[in-house]
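Here is the structure we will look at, set down as structure tokens.
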Amino acid sequence: MSDIILDCDPGHDDAIALLLALASPEVRLLGVSTVSGNQTVEKTTANAIRVLDHVDRAEVPVAAGADRPLTRARHVAANVHGETGLDGPGLPLPSRGPGAQHAIDWIATTLRERADPVTLVATGPLTNVALFLARYPELAAELERVVLMGGAFGEGNTTPAAEFNIWADPEAAQRVFQEGLDTTMVGLDVTHRALMTPAHARRLADSGRAGKLVADLYEFYVRFHSRAYGWDGAPVHDAVALAHVVDPSLLDTVHCGVVVDTGPELSRGRTHVDLRRASWEANCQVAVDIDSERFLALLIGRIGSLG
Ligand code: BDR
Ligand code: CA
């Protein structure tokens with residue numbers, strides 16, 4: 001079993017990743033840290049708690065983190081996730097606020113308390129992770145690995161060059177990729193190949209309270225993907241990263257060099273990936289293929305098991 005921390009910006013697919021973590025005996029969720037991304041950190045924090053409330057998991061710690069990127073202006077993804085960041089299901093207000101510690105201090109405390117190494121699953125902009133590494137360099141070794149949803153070696157989704165999480169805070173991402181950690185990048189190249197369909201949503205809707213929530217999330221979230229891509233389905237980006245920790249065999253990866261473009265808008269947030277391993281020293285496992293059917297079967301089955 002892996003001890004994990006989920007650093008996220010819920011966000012529909014972050015919420016689904018969170019439910020997958022709660023439903024998977026292969027991982028022990030130590031807590032959730034939140035970051036500005038799909039919406040402001042106030043909203044992403046409230047959303048993490050609203051999802052935990054929905055499945056009666058009030059004991060899971062939630063720590064709020066960075067309210068803006070390291071150096072760039074904040075841009076939220078209301079066009080994808082709505083004004084609340086979790087539009088659609090109409091969840092009640094959160095039952096509690098976040099813990100007193102800032103996310104990066106809570107991560108440090110948690111790592112110090114654990115005897116075993118911890119996997120950090122990052123499914124939002126990498127601001128918290130970069131701040132943590134800057135503030136607590138001595139604790140980097142306590143991280144077994146970082147599995148992040150972000151980037152693409154193909155087309156981006158925020159600009160032709162860049163995926164949202166990396167585009168939102170490229171300086172933070174570059175810090176994380178350059179840190180010498182065991183890092184896995186789960187990008188659009190694989191997440192766009194595993195679409196949740198209306199048939200999956202119907203099965204989830206009939207499977208219980210958690211499944212109904214995911215079906216309601218899906219109904220809102222799929223609209224962006226129908227409009228933008230013409231798909232009759234939606235990728236569940238962040239859940240793919242989480243699923244990789246649950247079952248590493250779902251993804252094929254290539255160990256190679258990744259450099260984040262911190263340049264101006266045209267190339268901002270591009271993840272340059274040396275897939276042929278011709279130019280740069282390897283610093284990352286990059287996901288290049290996915291067993292989509294097995295991923296979706298795992299996701300639907302596990303969420304359904306929450307009842
Ligand atoms: C990523 O951006 C966000 O909109 C999603 O939650 C996901 O983490 C996909 O580009
Ligand atoms: Ca996210």
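In the structure tokens, each chain is lettered A, B, ... as it comes, each chain's residues begin at 1, and ligands are numbered from 1 in order of appearance.
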| message | Based on the backbone DSSP call, show me all residues of segment 96-299 of chain A assigned strand (DSSP E), as JSON, numbers by chain. | response | {"A": [118, 119, 120, 121, 122, 143, 144, 145, 146, 147, 148, 149, 183, 184, 185, 186, 195, 196, 234, 235, 251, 252, 253, 254, 255, 256, 258, 259, 260, 271, 272, 273, 284, 285, 286, 287, 288, 289, 290]}
Which residues of chain A come within 7 Å of ligand 2, and for each one, what is the closest pair of atoms and their distance in Å to one decimal, counting only C-alpha atoms and all ligand atoms, sorted by chain and residue number, as a Markdown table?
```
| residue | atom | partner | partner_atom_place_in_ligand_line | distance |
| --- | --- | --- | --- | --- |
| A:Cys8 | CA | ligand 2 | 1 (Ca) | 5.7 |
| A:Asp9 | CA | ligand 2 | 1 (Ca) | 5.0 |
| A:Pro10 | CA | ligand 2 | 1 (Ca) | 6.0 |
| A:Gly11 | CA | ligand 2 | 1 (Ca) | 5.7 |
| A:Asp13 | CA | ligand 2 | 1 (Ca) | 6.3 |
| A:Asp14 | CA | ligand 2 | 1 (Ca) | 4.9 |
| A:Asn38 | CA | ligand 2 | 1 (Ca) | 6.6 |
| A:Thr123 | CA | ligand 2 | 1 (Ca) | 4.4 |
| A:Gly124 | CA | ligand 2 | 1 (Ca) | 4.2 |
| A:Asp238 | CA | ligand 2 | 1 (Ca) | 5.9 |
```
| Among segment 5-191 of chain A, which residues carry a DSSP assignment of helix (DSSP H, G or I), reported as a ChimeraX atom specification? | /A:12-22,41-54,78-81,103-113,127-135,137-142,164-168,170-177,188-191
Where does chain A meet ligand 1 within 9 Å, residue by residue, with the nearest atom pair and distance in Å to one decimal for each, counting only C-alpha atoms and all ligand atoms, listed by chain and rising number, as JSON lines?
```
{"residue": "A:Cys8", "atom": "CA", "partner": "ligand 1", "partner_atom_place_in_ligand_line": "8 (O)", "distance": 7.7}
{"residue": "A:Asp9", "atom": "CA", "partner": "ligand 1", "partner_atom_place_in_ligand_line": "6 (O)", "distance": 6.6}
{"residue": "A:Pro10", "atom": "CA", "partner": "ligand 1", "partner_atom_place_in_ligand_line": "6 (O)", "distance": 6.5}
{"residue": "A:Gly11", "atom": "CA", "partner": "ligand 1", "partner_atom_place_in_ligand_line": "6 (O)", "distance": 5.0}
{"residue": "A:His12", "atom": "CA", "partner": "ligand 1", "partner_atom_place_in_ligand_line": "6 (O)", "distance": 6.4}
{"residue": "A:Asp13", "atom": "CA", "partner": "ligand 1", "partner_atom_place_in_ligand_line": "6 (O)", "distance": 5.2}
{"residue": "A:Asp14", "atom": "CA", "partner": "ligand 1", "partner_atom_place_in_ligand_line": "6 (O)", "distance": 5.4}
{"residue": "A:Ala15", "atom": "CA", "partner": "ligand 1", "partner_atom_place_in_ligand_line": "6 (O)", "distance": 8.6}
{"residue": "A:Gly37", "atom": "CA", "partner": "ligand 1", "partner_atom_place_in_ligand_line": "3 (C)", "distance": 7.4}
{"residue": "A:Asn38", "atom": "CA", "partner": "ligand 1", "partner_atom_place_in_ligand_line": "4 (O)", "distance": 5.6}
{"residue": "A:Val76", "atom": "CA", "partner": "ligand 1", "partner_atom_place_in_ligand_line": "4 (O)", "distance": 8.8}
{"residue": "A:Ala77", "atom": "CA", "partner": "ligand 1", "partner_atom_place_in_ligand_line": "4 (O)", "distance": 6.2}
{"residue": "A:Ala78", "atom": "CA", "partner": "ligand 1", "partner_atom_place_in_ligand_line": "4 (O)", "distance": 9.0}
{"residue": "A:Val80", "atom": "CA", "partner": "ligand 1", "partner_atom_place_in_ligand_line": "4 (O)", "distance": 6.6}
{"residue": "A:His81", "atom": "CA", "partner": "ligand 1", "partner_atom_place_in_ligand_line": "4 (O)", "distance": 7.2}
{"residue": "A:Ala122", "atom": "CA", "partner": "ligand 1", "partner_atom_place_in_ligand_line": "8 (O)", "distance": 8.4}
{"residue": "A:Thr123", "atom": "CA", "partner": "ligand 1", "partner_atom_place_in_ligand_line": "8 (O)", "distance": 4.8}
{"residue": "A:Gly124", "atom": "CA", "partner": "ligand 1", "partner_atom_place_in_ligand_line": "8 (O)", "distance": 5.0}
{"residue": "A:Pro125", "atom": "CA", "partner": "ligand 1", "partner_atom_place_in_ligand_line": "8 (O)", "distance": 7.7}
{"residue": "A:Leu148", "atom": "CA", "partner": "ligand 1", "partner_atom_place_in_ligand_line": "8 (O)", "distance": 8.9}
{"residue": "A:Met149", "atom": "CA", "partner": "ligand 1", "partner_atom_place_in_ligand_line": "8 (O)", "distance": 5.9}
{"residue": "A:Gly150", "atom": "CA", "partner": "ligand 1", "partner_atom_place_in_ligand_line": "10 (O)", "distance": 6.3}
{"residue": "A:Gly151", "atom": "CA", "partner": "ligand 1", "partner_atom_place_in_ligand_line": "10 (O)", "distance": 7.6}
{"residue": "A:Gly156", "atom": "CA", "partner": "ligand 1", "partner_atom_place_in_ligand_line": "10 (O)", "distance": 8.1}
{"residue": "A:Asn157", "atom": "CA", "partner": "ligand 1", "partner_atom_place_in_ligand_line": "10 (O)", "distance": 6.3}
{"residue": "A:Thr158", "atom": "CA", "partner": "ligand 1", "partner_atom_place_in_ligand_line": "10 (O)", "distance": 7.5}
{"residue": "A:Ala162", "atom": "CA", "partner": "ligand 1", "partner_atom_place_in_ligand_line": "10 (O)", "distance": 8.8}
{"residue": "A:Glu163", "atom": "CA", "partner": "ligand 1", "partner_atom_place_in_ligand_line": "10 (O)", "distance": 5.1}
{"residue": "A:Phe164", "atom": "CA", "partner": "ligand 1", "partner_atom_place_in_ligand_line": "10 (O)", "distance": 4.5}
{"residue": "A:Asn165", "atom": "CA", "partner": "ligand 1", "partner_atom_place_in_ligand_line": "2 (O)", "distance": 5.2}
{"residue": "A:Ile166", "atom": "CA", "partner": "ligand 1", "partner_atom_place_in_ligand_line": "10 (O)", "distance": 8.3}
{"residue": "A:Gly187", "atom": "CA", "partner": "ligand 1", "partner_atom_place_in_ligand_line": "10 (O)", "distance": 7.9}
{"residue": "A:Leu188", "atom": "CA", "partner": "ligand 1", "partner_atom_place_in_ligand_line": "10 (O)", "distance": 7.0}
{"residue": "A:Thr191", "atom": "CA", "partner": "ligand 1", "partner_atom_place_in_ligand_line": "9 (C)", "distance": 8.5}
{"residue": "A:Pro235", "atom": "CA", "partner": "ligand 1", "partner_atom_place_in_ligand_line": "9 (C)", "distance": 8.7}
{"residue": "A:Val236", "atom": "CA", "partner": "ligand 1", "partner_atom_place_in_ligand_line": "7 (C)", "distance": 7.9}
{"residue": "A:His237", "atom": "CA", "partner": "ligand 1", "partner_atom_place_in_ligand_line": "7 (C)", "distance": 5.5}
{"residue": "A:Asp238", "atom": "CA", "partner": "ligand 1", "partner_atom_place_in_ligand_line": "8 (O)", "distance": 5.3}
{"residue": "A:Ala239", "atom": "CA", "partner": "ligand 1", "partner_atom_place_in_ligand_line": "8 (O)", "distance": 8.9}
```
| atom CA of Asn283 of chain A to atom CA of Cys256 of chain A, distance in Å rounded to a single decimal | 6.0 Å
| task | Could you check which of A:Thr253, A:Thr119, A:Ser305, A:Ser279 is closest to Gly31 of chain A, using only C-alpha atoms? | result | A:Thr119
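For the atom pair formed by atom CA of Asn128 of chain A and atom CA of Ala64 of chain A, the distance is 9.5 Å, given to one decimal.
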| field | Selected residue of minimal separation from Glu144 of chain A among A:Ser2, A:Ser267, A:Ser292, A:Ser24, counting only C-alpha atoms | value |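 The answer is A:Ser2, which sits nearest to Glu144 of chain A.
Using only C-alpha atoms for every distance, the candidate list A:Thr40, A:Thr159, A:Gln174, A:Asn47 yields A:Asn47 as the residue closest to Ile16 of chain A.
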| said: Taking 3 positions as the minimum chain separation for residues in the same chain, which residues sit within 10 Å of Pro92 of chain A when counting only C-alpha atoms? Answer as an NGL selection string. | reply: :A and (47 or 50-51 or 53-54 or 89 or 95)
| So which one's closest to Ile303 of chain A, A:Ala173, A:Ala201, A:Val32, A:Ala287? Using only C-alpha atoms, please. |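 Result for the nearest residue to Ile303 of chain A: A:Ala201.
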Please identify all polymer residues within 9 Å of segment 109-112 of chain A, counting only C-alpha atoms, omitting same-chain residues fewer than 2 positions from it, and present them as a PDB file with C-alpha atoms, in the first residue's frame.
```pdb
ATOM      1  CA  LEU A  30      -3.070  10.946   4.248  1.00  0.00           C
ATOM      2  CA  GLY A  31      -4.823  14.136   3.259  1.00  0.00           C
ATOM      3  CA  ILE A 104       3.201  23.281   2.354  1.00  0.00           C
ATOM      4  CA  ASP A 105       3.638  23.302   6.148  1.00  0.00           C
ATOM      5  CA  TRP A 106       1.032  20.572   6.509  1.00  0.00           C
ATOM      6  CA  ILE A 107       2.861  18.470   3.891  1.00  0.00           C
ATOM      7  CA  ARG A 114       5.485   9.229   8.630  1.00  0.00           C
ATOM      8  CA  ALA A 115       8.017   6.457   8.881  1.00  0.00           C
ATOM      9  CA  ASP A 116       7.332   5.343   5.317  1.00  0.00           C
ATOM     10  CA  PRO A 117       7.947   7.386   2.186  1.00  0.00           C
ATOM     11  CA  VAL A 118       5.001   9.212   0.697  1.00  0.00           C
ATOM     12  CA  LEU A 139      12.259  16.850   3.078  1.00  0.00           C
ATOM     13  CA  GLU A 142      10.951  11.814   2.089  1.00  0.00           C
ATOM     14  CA  LEU A 143       8.931  11.871  -1.113  1.00  0.00           C
TER      15      LEU A 143
END
```
